[in-house]
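Engineer: My file is structure_33.cif. It has mmCIF, C-alpha atoms:
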data_target
#
loop_
_atom_site.label_atom_id
_atom_site.label_comp_id
_atom_site.auth_asym_id
_atom_site.auth_seq_id
_atom_site.Cartn_x
_atom_site.Cartn_y
_atom_site.Cartn_z
CA MET A 1 29.95 -12.63 58.72
CA THR A 2 30.56 -10.55 61.77
CA THR A 3 29.88 -6.85 62.00
CA SER A 4 33.57 -6.05 62.43
CA LEU A 5 34.46 -7.89 59.22
CA ILE A 6 31.85 -5.96 57.24
CA LYS A 7 33.18 -2.69 58.68
CA ASN A 8 36.70 -3.58 57.57
CA LEU A 9 35.46 -4.37 54.08
CA CYS A 10 33.57 -1.12 53.78
CA ARG A 11 36.14 1.45 54.96
CA VAL A 12 36.31 3.58 51.85
CA SER A 13 37.03 7.32 51.85
CA SER A 14 34.24 9.73 50.97
CA SER A 15 35.95 10.96 47.80
CA THR A 16 36.51 7.38 46.58
CA ARG A 17 32.85 6.50 47.21
CA TYR A 18 31.66 9.60 45.38
CA ASN A 19 33.88 8.95 42.36
CA ALA A 20 32.87 5.29 42.22
CA LEU A 21 29.19 6.19 42.19
CA ASN A 22 29.71 8.81 39.50
CA ARG A 23 31.63 6.42 37.27
CA SER A 24 28.94 3.77 37.58
CA GLY A 25 26.12 6.18 36.85
CA VAL A 26 24.13 5.11 39.90
CA ILE A 27 22.47 8.20 41.36
CA SER A 28 19.25 7.02 42.94
CA GLN A 29 17.56 4.26 44.88
CA SER A 30 15.73 2.95 41.83
CA ILE A 31 18.24 0.20 41.10
CA GLY A 32 18.41 -3.49 41.61
CA SER A 33 15.85 -6.01 40.59
CA SER A 34 12.58 -6.60 42.35
CA ILE A 35 11.30 -9.74 40.73
CA TYR A 36 8.53 -11.56 42.47
CA SER A 37 5.69 -13.90 41.81
CA SER A 38 4.27 -16.42 44.16
CA SER A 39 1.37 -18.76 44.48
CA SER A 40 0.54 -17.00 47.76
CA ASN A 41 -1.35 -14.27 45.93
CA LYS A 42 -4.18 -14.39 48.40
CA GLN A 43 -3.94 -12.93 51.86
CA LEU A 44 -5.92 -14.35 54.73
CA SER A 45 -7.42 -11.52 56.71
CA LEU A 46 -8.75 -12.05 60.21
CA CYS A 47 -11.54 -9.87 61.44
CA LYS A 48 -12.90 -9.78 64.95
CA ILE A 49 -16.59 -9.38 65.43
CA ILE A 50 -17.70 -8.63 68.94
CA ASN A 51 -21.33 -8.95 69.87
CA ASN A 52 -23.19 -8.49 73.14
CA GLN A 53 -22.87 -12.10 74.29
CA ASN A 54 -19.38 -13.30 73.43
CA GLU A 55 -16.37 -12.69 71.26
CA LYS A 56 -16.04 -14.70 68.04
CA ARG A 57 -13.46 -14.82 65.28
CA TYR A 58 -14.36 -15.21 61.62
CA TYR A 59 -12.01 -15.80 58.70
CA THR A 60 -12.98 -13.78 55.67
CA ALA A 61 -12.53 -14.85 52.06
CA TYR A 62 -9.13 -14.57 50.40
CA THR A 63 -8.36 -11.25 48.74
CA LYS A 64 -5.66 -10.33 46.24
CA MET A 65 -2.39 -9.12 47.72
CA ASN A 66 -0.58 -6.37 45.83
CA ILE A 67 3.20 -6.55 45.98
CA PHE A 68 4.15 -4.31 43.05
CA ASP A 69 3.23 -0.83 41.92
CA THR A 70 2.17 -1.50 38.33
CA LYS A 71 2.10 2.20 37.41
CA VAL A 72 5.72 2.62 38.52
CA LYS A 73 6.71 -0.47 36.54
CA ASN A 74 5.03 0.89 33.40
CA THR A 75 6.88 4.18 33.87
CA GLN A 76 10.21 2.40 34.26
CA LYS A 77 9.69 0.41 31.07
CA SER A 78 8.64 3.51 29.17
CA ASN A 79 11.69 5.44 30.38
CA ILE A 80 14.22 2.89 29.14
CA ALA A 81 12.52 2.83 25.72
CA THR A 82 12.83 6.61 25.34
CA THR A 83 15.79 7.80 27.42
CA VAL A 84 18.37 4.97 27.28
CA GLU A 85 20.83 5.26 24.42
CA ASP A 86 20.75 2.09 22.29
CA PRO A 87 18.25 0.21 24.50
CA GLN A 88 18.70 -2.90 22.32
CA ASP A 89 22.13 -3.36 23.92
CA SER A 90 20.46 -4.09 27.27
CA ASP A 91 18.20 -6.81 25.87
CA TYR A 92 20.87 -9.52 25.98
CA LEU A 93 19.28 -11.49 28.84
CA PHE A 94 15.77 -11.27 27.37
CA ASN A 95 17.07 -12.33 23.94
CA GLU A 96 18.92 -15.32 25.38
CA VAL A 97 15.90 -16.56 27.33
CA ALA A 98 13.64 -15.89 24.31
CA ASP A 99 15.96 -18.06 22.22
CA ARG A 100 15.68 -20.92 24.71
CA LEU A 101 11.92 -20.49 24.99
CA THR A 102 11.64 -20.65 21.19
CA ASP A 103 13.46 -23.99 21.25
CA ARG A 104 10.85 -25.35 23.63
CA ILE A 105 8.03 -24.05 21.48
CA LEU A 106 9.30 -25.58 18.25
CA ASP A 107 10.20 -28.87 19.97
CA ILE A 108 6.48 -29.63 20.38
CA LYS A 109 5.40 -31.99 17.63
CA ASN A 110 2.44 -31.03 15.45
CA LEU A 111 2.16 -27.65 17.18
CA LYS A 112 -0.21 -25.25 15.45
CA CYS A 113 1.19 -21.73 15.47
CA GLY A 114 -1.78 -20.27 13.62
CA LYS A 115 -2.99 -17.54 15.95
CA VAL A 116 -0.41 -16.53 18.52
CA LEU A 117 -0.58 -14.18 21.52
CA ASP A 118 2.63 -12.70 22.95
CA PHE A 119 1.64 -11.70 26.49
CA GLY A 120 3.87 -9.04 28.06
CA CYS A 121 5.77 -8.85 24.79
CA ARG A 122 7.98 -5.81 25.58
CA ASN A 123 9.54 -4.99 22.18
CA GLY A 124 8.44 -8.29 20.58
CA SER A 125 11.62 -10.36 20.21
CA MET A 126 9.83 -13.72 20.01
CA ILE A 127 8.36 -13.31 16.51
CA LYS A 128 11.76 -12.83 14.92
CA LEU A 129 13.17 -16.01 16.47
CA ILE A 130 10.14 -18.15 15.61
CA GLN A 131 10.11 -17.05 11.97
CA GLU A 132 13.87 -17.53 11.59
CA ARG A 133 13.44 -21.17 12.65
CA GLY A 134 10.57 -21.97 10.35
CA GLY A 135 7.58 -21.39 12.61
CA ASN A 136 4.44 -20.77 10.56
CA ILE A 137 2.45 -17.98 12.22
CA GLU A 138 -0.78 -16.83 10.62
CA SER A 139 -1.45 -13.91 12.96
CA LEU A 140 0.32 -12.43 15.99
CA THR A 141 -1.16 -10.28 18.75
CA MET A 142 1.30 -8.47 21.00
CA VAL A 143 0.09 -7.22 24.40
CA ASP A 144 1.97 -4.94 26.81
CA SER A 145 1.24 -2.21 29.35
CA SER A 146 3.96 0.22 28.18
CA LYS A 147 3.20 2.08 24.96
CA GLU A 148 6.80 3.18 24.39
CA MET A 149 8.12 -0.37 24.88
CA LEU A 150 5.34 -1.90 22.76
CA TYR A 151 6.09 0.34 19.76
CA ARG A 152 9.86 0.65 20.28
CA ASP A 153 10.82 -1.70 17.43
CA GLU A 154 7.84 -1.04 15.17
CA SER A 155 10.23 -0.02 12.39
CA PHE A 156 11.33 -3.67 12.08
CA ASP A 157 7.83 -4.90 11.18
CA SER A 158 8.73 -4.84 7.49
CA ASN A 159 11.19 -7.69 8.12
CA TYR A 160 8.41 -10.04 9.27
CA LYS A 161 6.14 -12.13 7.09
CA ILE A 162 3.10 -10.87 9.00
CA LYS A 163 2.30 -7.51 10.59
CA PRO A 164 1.81 -7.84 14.35
CA ASN A 165 -1.34 -6.49 15.96
CA ARG A 166 -0.30 -4.43 18.99
CA VAL A 167 -2.70 -4.13 21.94
CA LEU A 168 -1.97 -1.62 24.73
CA VAL A 169 -3.51 -2.26 28.17
CA ASP A 170 -3.33 -0.33 31.43
CA SER A 171 -2.15 -3.41 33.32
CA LEU A 172 -1.35 -6.99 32.37
CA GLU A 173 -3.61 -8.05 35.23
CA ASP A 174 -6.70 -6.53 33.59
CA THR A 175 -9.07 -8.54 31.41
CA LEU A 176 -7.75 -8.41 27.86
CA PRO A 177 -10.00 -7.05 25.10
CA LEU A 178 -9.79 -10.35 23.21
CA GLU A 179 -12.32 -13.10 22.52
CA ASP A 180 -12.14 -16.38 24.43
CA GLY A 181 -11.04 -19.50 22.56
CA THR A 182 -9.10 -17.51 19.95
CA PHE A 183 -5.44 -18.53 20.13
CA ASP A 184 -3.53 -21.71 19.32
CA LEU A 185 -0.46 -20.55 21.24
CA ILE A 186 0.13 -18.07 24.06
CA MET A 187 3.71 -17.25 24.99
CA SER A 188 5.25 -14.94 27.54
CA ASN A 189 8.94 -14.15 27.99
CA LEU A 190 10.14 -12.82 31.40
CA SER A 191 7.05 -10.75 32.19
CA LEU A 192 5.05 -12.85 34.64
CA HIS A 193 7.30 -12.08 37.62
CA TRP A 194 5.79 -8.58 37.82
CA ILE A 195 2.23 -9.89 38.13
CA ASN A 196 0.45 -9.48 41.48
CA ASP A 197 -2.41 -11.87 40.67
CA LEU A 198 -0.86 -14.84 38.90
CA PRO A 199 -3.83 -17.20 39.51
CA GLY A 200 -6.22 -14.71 37.91
CA VAL A 201 -3.93 -14.06 34.94
CA PHE A 202 -3.40 -17.79 34.33
CA THR A 203 -7.13 -18.43 34.42
CA ARG A 204 -7.86 -15.65 31.92
CA LEU A 205 -5.10 -16.83 29.57
CA ASN A 206 -6.49 -20.37 29.68
CA LYS A 207 -9.87 -19.04 28.52
CA LEU A 208 -8.23 -17.33 25.54
CA LEU A 209 -6.82 -20.63 24.26
CA LYS A 210 -8.56 -22.90 21.81
CA PRO A 211 -9.14 -26.49 22.93
CA ASN A 212 -5.77 -28.26 22.90
CA GLY A 213 -4.01 -24.88 22.71
CA VAL A 214 -0.73 -24.46 24.56
CA PHE A 215 0.66 -21.85 26.93
CA LEU A 216 4.46 -21.51 27.22
CA ALA A 217 6.21 -18.94 29.37
CA SER A 218 9.41 -18.10 31.19
CA LEU A 219 9.90 -16.21 34.44
CA PHE A 220 12.58 -15.72 37.06
CA GLY A 221 12.90 -18.24 39.90
CA GLU A 222 13.80 -18.04 43.57
CA ASP A 223 17.59 -18.17 43.13
CA THR A 224 17.72 -15.13 40.86
CA LEU A 225 20.14 -12.41 42.03
CA ILE A 226 20.78 -14.25 45.29
CA GLU A 227 24.25 -12.70 45.48
CA LEU A 228 22.93 -9.14 45.19
CA LYS A 229 20.21 -9.84 47.73
CA ASP A 230 22.66 -11.19 50.32
CA SER A 231 25.11 -8.33 49.85
CA LEU A 232 22.47 -5.61 50.25
CA TYR A 233 20.99 -7.40 53.23
CA LEU A 234 24.27 -7.65 55.13
CA SER A 235 25.31 -4.09 54.32
CA GLU A 236 22.01 -2.46 55.24
CA ILE A 237 21.84 -4.38 58.50
CA GLU A 238 25.32 -3.17 59.42
CA ARG A 239 24.94 0.43 58.22
CA ASP A 240 21.32 1.23 59.01
CA GLY A 241 20.35 -1.36 61.60
CA GLY A 242 17.50 -2.68 59.46
CA PHE A 243 16.66 -4.04 56.03
CA SER A 244 14.27 -2.98 53.29
CA PRO A 245 13.41 -5.10 50.21
CA HIS A 246 15.69 -4.36 47.27
CA VAL A 247 15.33 -7.82 45.72
CA SER A 248 11.96 -9.35 46.47
CA PRO A 249 11.22 -13.07 46.89
CA PHE A 250 10.87 -15.19 43.78
CA THR A 251 8.55 -18.00 42.89
CA LYS A 252 9.32 -21.65 43.51
CA ILE A 253 8.97 -24.35 40.91
CA SER A 254 6.36 -26.15 43.00
CA ASP A 255 4.30 -22.95 43.22
CA ILE A 256 4.16 -22.62 39.43
CA GLY A 257 3.05 -26.22 39.01
CA ASN A 258 0.29 -25.73 41.56
CA LEU A 259 -0.85 -22.53 39.87
CA LEU A 260 -1.10 -24.20 36.47
CA SER A 261 -3.19 -27.02 37.90
CA ARG A 262 -5.36 -24.58 39.82
CA SER A 263 -6.00 -22.59 36.62
CA LYS A 264 -7.33 -25.72 34.86
CA PHE A 265 -4.29 -26.26 32.62
CA SER A 266 -3.76 -29.91 31.72
CA LEU A 267 -0.44 -31.75 31.37
CA PRO A 268 1.59 -29.05 33.18
CA THR A 269 5.35 -29.30 32.64
CA ILE A 270 7.98 -27.29 34.52
CA ASP A 271 11.74 -27.13 34.09
CA THR A 272 14.42 -24.70 35.18
CA GLU A 273 17.98 -23.66 34.46
CA LYS A 274 20.45 -21.12 35.79
CA ILE A 275 22.28 -18.49 33.76
CA THR A 276 25.36 -16.88 35.32
CA ILE A 277 26.60 -13.55 33.94
CA ASN A 278 29.80 -11.87 35.13
CA TYR A 279 29.99 -8.10 35.63
CA ASP A 280 32.85 -5.75 36.45
CA ASN A 281 31.25 -4.70 39.73
CA MET A 282 27.91 -4.45 41.51
CA PHE A 283 27.13 -0.99 40.13
CA ILE A 284 27.48 -2.17 36.52
CA LEU A 285 25.08 -5.01 37.34
CA MET A 286 22.52 -2.62 38.82
CA ARG A 287 22.91 -0.21 35.90
CA ASP A 288 22.13 -3.00 33.43
CA LEU A 289 19.15 -4.12 35.50
CA GLN A 290 17.85 -0.57 35.39
CA ASN A 291 18.35 -0.38 31.61
CA MET A 292 16.40 -3.64 31.28
CA GLY A 293 13.48 -2.16 33.21
CA GLU A 294 14.01 -4.60 36.08
CA ASN A 295 14.55 -2.02 38.82
CA ASN A 296 12.66 -1.80 42.08
CA ALA A 297 8.87 -1.47 41.90
CA ILE A 298 7.77 -2.88 45.25
CA LEU A 299 4.95 -0.96 46.89
CA LYS A 300 6.76 -0.84 50.25
CA ARG A 301 10.16 0.02 48.83
CA ARG A 302 12.46 2.39 50.64
CA ASN A 303 12.60 5.95 49.29
CA TYR A 304 16.29 6.49 50.03
CA THR A 305 19.40 4.37 50.52
CA SER A 306 22.71 5.99 51.40
CA LYS A 307 25.84 5.88 49.25
CA ASP A 308 27.70 4.26 52.13
CA THR A 309 25.28 1.34 52.10
CA PHE A 310 25.77 0.74 48.37
CA LEU A 311 29.56 0.97 48.64
CA SER A 312 29.41 -1.42 51.57
CA ALA A 313 27.26 -3.84 49.57
CA ALA A 314 29.72 -3.69 46.66
CA ALA A 315 32.60 -4.60 48.98
CA VAL A 316 30.64 -7.46 50.56
CA TYR A 317 29.60 -8.72 47.10
CA GLN A 318 33.21 -8.78 45.94
CA TYR A 319 34.42 -10.49 49.11
CA LEU A 320 31.76 -13.21 49.22
CA TYR A 321 31.23 -13.97 45.54
CA GLY A 322 34.01 -12.25 43.56
CA ASN A 323 35.84 -14.14 40.81
CA GLU A 324 39.61 -14.44 40.63
CA ASN A 325 39.78 -11.90 37.79
CA GLY A 326 38.00 -9.26 39.89
CA SER A 327 34.56 -9.61 38.30
CA ILE A 328 31.39 -10.66 40.14
CA PRO A 329 28.83 -13.31 39.11
CA ALA A 330 25.09 -12.72 38.95
CA THR A 331 22.78 -15.74 38.90
CA PHE A 332 19.48 -15.73 37.01
CA GLN A 333 17.29 -18.77 37.57
CA VAL A 334 14.77 -19.12 34.76
CA ILE A 335 11.65 -21.27 35.11
CA TYR A 336 9.99 -22.53 31.93
CA LEU A 337 6.38 -23.69 32.10
CA ILE A 338 4.03 -25.42 29.68
CA GLY A 339 0.30 -25.91 30.11
CA TRP A 340 -2.38 -27.13 27.72
CA SER A 341 -5.99 -26.17 27.32
CA PRO A 342 -8.07 -29.29 28.09
CA HIS A 343 -9.10 -31.47 25.14
CA GLU A 344 -10.54 -34.97 24.81
CA SER A 345 -7.56 -36.18 22.75
CA GLN A 346 -5.10 -35.58 25.59
CA GLN A 347 -3.79 -38.29 27.88
CA LYS A 348 -5.85 -38.74 31.01
CA PRO A 349 -5.12 -40.66 34.22
CA LYS A 350 -7.04 -43.85 34.79
CA ALA A 351 -9.98 -43.82 37.16
CA ARG A 352 -9.37 -44.50 40.83
CA GLY A 353 -9.71 -48.16 41.71
CA SER A 354 -8.93 -49.41 38.19
CA ALA A 355 -5.61 -51.04 39.22
CA THR A 356 -5.53 -54.84 39.13
CA LYS A 357 -2.67 -55.32 41.60
CA HIS A 358 -1.57 -53.75 44.84
CA PHE A 359 1.92 -52.27 45.10
CA SER A 360 2.78 -54.78 47.82
CA GLU A 361 2.13 -57.61 45.36
CA LEU A 362 4.75 -56.42 42.88
CA ASP A 363 8.02 -58.35 42.85
CA SER A 364 10.88 -56.01 43.71
CA THR A 365 13.34 -58.14 41.68
CA PHE A 366 11.33 -57.77 38.47
CA SER A 367 12.81 -55.25 36.02
CA MET A 368 12.07 -54.26 32.44
CA LYS A 369 14.49 -53.38 29.67
CA LEU A 370 13.76 -52.07 26.19
CA ASN A 371 14.92 -54.40 23.43
CA GLN A 372 16.99 -52.32 21.01
CA ASN A 373 15.93 -54.40 18.02
CA SER A 374 12.21 -53.93 18.66
CA SER A 375 9.80 -51.77 20.59
CA SER A 376 8.87 -54.63 22.93
CA PHE A 377 10.00 -55.00 26.51
CA VAL A 378 11.85 -58.08 27.69
CA GLN A 379 12.06 -59.34 31.24
CA GLN A 380 15.47 -59.22 32.83
CA PRO A 381 16.66 -61.81 35.34
CA PRO A 382 16.88 -60.65 38.96
CA PRO A 383 20.22 -59.10 39.93
CA GLN A 384 22.78 -61.46 41.42
CA THR A 385 23.80 -61.00 45.04
CA ILE A 386 27.32 -61.53 46.37
CA ASP A 387 27.76 -63.52 49.55
CA THR A 388 30.54 -61.59 51.29
CA SER A 389 30.71 -64.08 54.16
CA SER A 390 32.56 -66.57 51.95
CA ILE A 391 35.29 -64.07 51.07
CA ASP A 392 38.40 -64.60 53.15
CA GLU A 393 40.91 -61.97 54.15
CA SER A 394 43.38 -62.97 51.46
CA SER A 395 40.86 -62.17 48.74
CA ASN A 396 40.46 -58.64 50.12
CA SER A 397 44.12 -57.97 49.36
CA LYS A 398 43.53 -58.58 45.67
CA LYS A 399 43.14 -55.33 43.75
CA ASP A 400 39.93 -54.69 41.87
CA PRO A 401 40.79 -54.27 38.12
CA SER A 402 38.06 -51.64 37.75
CA LEU A 403 40.21 -49.27 39.81
CA ASN A 404 42.55 -48.91 36.83
CA GLU A 405 39.87 -47.00 34.92
CA PRO A 406 40.47 -43.22 34.65
CA TYR A 407 38.85 -41.00 37.27
CA PRO A 408 36.40 -38.22 36.30
CA GLN A 409 37.89 -34.78 37.00
CA THR A 410 36.10 -31.98 38.83
CA ASP A 411 36.99 -29.17 41.19
CA ASP A 412 33.59 -29.10 42.90
CA PHE A 413 33.94 -32.23 45.04
CA VAL A 414 36.24 -35.15 45.85
CA ILE A 415 35.78 -38.31 43.82
CA LYS A 416 36.46 -41.70 45.39
CA ARG A 417 35.87 -45.11 43.88
CA LEU A 418 34.27 -48.06 45.71
CA ASP A 419 35.71 -51.48 44.86
CA ILE A 420 33.91 -54.82 44.98
CA HIS A 421 34.98 -55.29 48.61
CA GLY A 422 33.36 -52.05 49.75
CA ASN A 423 36.63 -50.11 50.23
CA PHE A 424 37.07 -46.49 49.15
CA HIS A 425 40.02 -45.63 46.89
CA PRO A 426 40.87 -41.97 46.22
CA ASP A 427 42.28 -40.78 42.91
CA PRO A 428 45.98 -41.84 42.99
CA THR A 429 46.94 -38.99 40.63
CA LYS A 430 45.96 -36.37 43.21
CA HIS A 431 48.21 -35.64 46.17
CA ASP A 432 46.98 -35.32 49.71
CA ASP A 433 48.28 -31.88 50.72
CA LYS A 434 47.38 -32.37 54.39
CA LYS A 435 49.30 -35.65 54.55
CA GLU A 436 52.36 -34.01 52.99
CA GLU A 437 52.22 -31.21 55.53
CA LYS A 438 52.09 -33.73 58.40
CA ASP A 439 55.08 -35.59 56.96
CA LYS A 440 57.08 -32.34 56.77
CA ASP A 441 56.19 -31.47 60.36
CA SER A 442 57.23 -34.89 61.60
CA LYS A 443 60.62 -34.50 59.90
#
Using structure tokens, write down the structure from this file.

Structural biologist:
Amino acid sequence: MTTSLIKNLCRVSSSTRYNALNRSGVISQSIGSSIYSSSSNKQLSLCKIINNQNEKRYYTAYTKMNIFDTKVKNTQKSNIATTVEDPQDSDYLFNEVADRLTDRILDIKNLKCGKVLDFGCRNGSMIKLIQERGGNIESLTMVDSSKEMLYRDESFDSNYKIKPNRVLVDSLEDTLPLEDGTFDLIMSNLSLHWINDLPGVFTRLNKLLKPNGVFLASLFGEDTLIELKDSLYLSEIERDGGFSPHVSPFTKISDIGNLLSRSKFSLPTIDTEKITINYDNMFILMRDLQNMGENNAILKRRNYTSKDTFLSAAAVYQYLYGNENGSIPATFQVIYLIGWSPHESQQKPKARGSATKHFSELDSTFSMKLNQNSSSFVQQPPPQTIDTSSIDESSNSKKDPSLNEPYPQTDDFVIKRLDIHGNFHPDPTKHDDKKEEKDKDSK
């Protein structure tokens, strides 16, 4: 997008900008989501040591890199628990992801939910979902760094079969006052993306698990709020000539898998999905993020952003990503992870060198198929090949009967069908608009 186009999008009168900001309730810089966690939690520092003879360079050990201000994040979470009217109304995203995480927990066969730890529990929405679906929990320990958020829904404890034990800590990155090898299950719902030292936290959580205990968690991925990030980036570049982080980088799926393996978790499993939520405008989105406690907490955040920049970002957001009905989409990529505490009963890879055949010796035409009537595998014959050299031109004119099958319908891409002769056939029910236009022009 060129600078002139952005300027045209953002020409709004001062009174209109002021009224729009007042209606949305956005009055400060502390908006937007700064969600970040990465496997690059160690920074390589280079120090130069100069002695009398020559100059040498030495690489020091890795040290933890702080991205977030944990005290500011605790304050933000405490504020929404005490100052926001009906804070439960802003928990819709956390409740939805908690519901999906509960499905993954209860899908594990023979899972022992005896002693459970809810790490970064916020108001503790997981216990309600697990008990409603028949999960048998003997004891539950809830850990969070915000006292107001931790005790916000304490009045609902009477609805649970067990009384949760709440543990308040200064930071989720600190060593927890809990004994090692205590818990059968550790779960965490959308809290790990505010952790500076994920490798250290994963290692400490692994020590808290019993042998063959399981750790399940959810956190935001790299495609979260990509629309908001792009809009703020383009607007701030055009208005201020520079860019400050409003939406920080997110973790990649590969990073999470590497972190689990590095922290001595066995059988790591990662999956992801995207949730798209539509909002009336960008300011409503940022207001809800603030009411969730997901506003900016980066250490190097900017202290002030002008109203013009936010109004410009709203216009760019609507132009680039707006829906036909005038709303805007916001994408939340959620990564789900599972890791097990090592145990002798778990599957283990075979030792190196134990293979009896080399890959080059395997027959590429050999395939296996499961017999539906039994659990045994049966060998399938090699696939037949068609000699196209024996097909004459007259046979190519014959229509493939498979082309009469109905076409799948989608608006995302063009579907064409390949016949047995290698020719593409588009959907005959769809008209070629470009061809019709050419025909009209020729007439």

Engineer: Tell me, in Å to one decimal, how far CA of Asn278 (chain A) is from CA of Tyr92 (chain A).

Structural biologist: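 Rounded to one decimal, the two atoms are 13.0 Å apart.
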
Engineer: Just the number, please: distance in Å from CA of Ile80 (chain A) to CA of Asn291 (chain A), one decimal.

Structural biologist: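 One can read the CA of Ile80 (chain A) to CA of Asn291 (chain A) distance as 5.8 Å.
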
Engineer: How would you write as a PyMOL selection string the residues that get within 9 Å of (-0.6, -30.2, 32.2) in the file's frame, counting only C-alpha atoms?

Structural biologist: chain A and resi 257+260-261+264-269+338-342

Engineer: Can you list, as a VMD selection string, every protein, DNA or RNA residue that comes within 7 Å of Ala313 (chain A) when you count only C-alpha atoms, leaving out same-chain residues fewer than 2 positions away?

Structural biologist: chain A and resid 231 to 232 235 309 to 311 315 to 317

Engineer: What do you get, as a ChimeraX atom specification, if you spell out every residue that the PyMOL selection byres ((chain A and resi 91) around 10) selects here?

Structural biologist: /A:86-90,92-96,123,125,288,291-293

Engineer: Produce a file of the selected residues containing C-alpha atoms, as a PDB file, keeping the file's coordinate frame.

Structural biologist:
ATOM      1  CA  ASP A  86      20.750   2.090  22.290  1.00  0.00           C
ATOM      2  CA  PRO A  87      18.250   0.210  24.500  1.00  0.00           C
ATOM      3  CA  GLN A  88      18.700  -2.900  22.320  1.00  0.00           C
ATOM      4  CA  ASP A  89      22.130  -3.360  23.920  1.00  0.00           C
ATOM      5  CA  SER A  90      20.460  -4.090  27.270  1.00  0.00           C
ATOM      6  CA  TYR A  92      20.870  -9.520  25.980  1.00  0.00           C
ATOM      7  CA  LEU A  93      19.280 -11.490  28.840  1.00  0.00           C
ATOM      8  CA  PHE A  94      15.770 -11.270  27.370  1.00  0.00           C
ATOM      9  CA  ASN A  95      17.070 -12.330  23.940  1.00  0.00           C
ATOM     10  CA  GLU A  96      18.920 -15.320  25.380  1.00  0.00           C
ATOM     11  CA  ASN A 123       9.540  -4.990  22.180  1.00  0.00           C
ATOM     12  CA  SER A 125      11.620 -10.360  20.210  1.00  0.00           C
ATOM     13  CA  ASP A 288      22.130  -3.000  33.430  1.00  0.00           C
ATOM     14  CA  ASN A 291      18.350  -0.380  31.610  1.00  0.00           C
ATOM     15  CA  MET A 292      16.400  -3.640  31.280  1.00  0.00           C
ATOM     16  CA  GLY A 293      13.480  -2.160  33.210  1.00  0.00           C
TER      17      GLY A 293
END

Engineer: Per residue of region 123-209 of chain A within 6 Å of region 218-224 of chain A, what are the shortest atom pair and its distance in Å to one decimal, counting all atoms listed in the file, with rows by chain and residue number, as a Markdown table?

Structural biologist:
| residue | atom | partner | partner_atom | distance |
| --- | --- | --- | --- | --- |
| A:Asn189 | CA | A:Ser218 | CA | 5.1 |
| A:Leu190 | CA | A:Leu219 | CA | 4.6 |
| A:Leu192 | CA | A:Leu219 | CA | 5.9 |
| A:His193 | CA | A:Leu219 | CA | 5.8 |

Engineer: Find the residues around Ile105 (chain A) up to 10 Å (only C-alpha atoms counted), leave out those fewer than 5 positions away in its own chain, and share them as JSON, numbers by chain.

Structural biologist: {"A": [99, 100, 111, 113, 130, 135, 185, 187, 214, 215, 216, 217, 338]}

Engineer: Write the residues you've just listed into a file as a PDB file, in the frame of the given file, and include C-alpha atoms for each of them.

Structural biologist:
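Once written, result.pdb looks like this:
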ATOM      1  CA  ASP A  99      15.960 -18.060  22.220  1.00  0.00           C
ATOM      2  CA  ARG A 100      15.680 -20.920  24.710  1.00  0.00           C
ATOM      3  CA  LEU A 111       2.160 -27.650  17.180  1.00  0.00           C
ATOM      4  CA  CYS A 113       1.190 -21.730  15.470  1.00  0.00           C
ATOM      5  CA  ILE A 130      10.140 -18.150  15.610  1.00  0.00           C
ATOM      6  CA  GLY A 135       7.580 -21.390  12.610  1.00  0.00           C
ATOM      7  CA  LEU A 185      -0.460 -20.550  21.240  1.00  0.00           C
ATOM      8  CA  MET A 187       3.710 -17.250  24.990  1.00  0.00           C
ATOM      9  CA  VAL A 214      -0.730 -24.460  24.560  1.00  0.00           C
ATOM     10  CA  PHE A 215       0.660 -21.850  26.930  1.00  0.00           C
ATOM     11  CA  LEU A 216       4.460 -21.510  27.220  1.00  0.00           C
ATOM     12  CA  ALA A 217       6.210 -18.940  29.370  1.00  0.00           C
ATOM     13  CA  ILE A 338       4.030 -25.420  29.680  1.00  0.00           C
TER      14      ILE A 338
END

Engineer: Might you pull out every residue within 8 Å of Leu228 (chain A), with all atoms listed in the file counted and same-chain residues fewer than 6 positions away left off, and present them as a count of residues only?

Structural biologist: 4

Engineer: Which is closer to Thr305 (chain A) than all the others in A:Glu179, A:Ile162, A:Leu106, A:Glu236, using all atoms listed in the file?

Structural biologist: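 Closest residue, counting all atoms listed in the file: A:Glu236.
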
Engineer: When the PyMOL selection byres ((chain A and resi 163) around 10) is applied to the file above, which residues end up in the set, as an MDAnalysis selection string?

Structural biologist: chainID A and resid 138:141 154 156:162 164:166

Engineer: Let me know the residues the PyMOL selection byres ((chain A and resi 65-77) around 8) catches in the file above, as a ChimeraX atom specification.

Structural biologist: /A:41-43,63-64,78-81,145-146,148-149,171,194-197,292-293,295,297-300

Engineer: I need the residue nearest Leu234 (chain A) from this list: A:Ser312, A:Asp153, A:His358, A:Leu209. Use only C-alpha atoms for the distance.

Structural biologist: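 The answer is A:Ser312, which sits nearest to Leu234 (chain A).
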
Engineer: Can you tell me how far CA of Ile253 (chain A) sits from CA of Glu273 (chain A), in Å to one decimal?

Structural biologist: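 These two atoms are separated by 11.1 Å.
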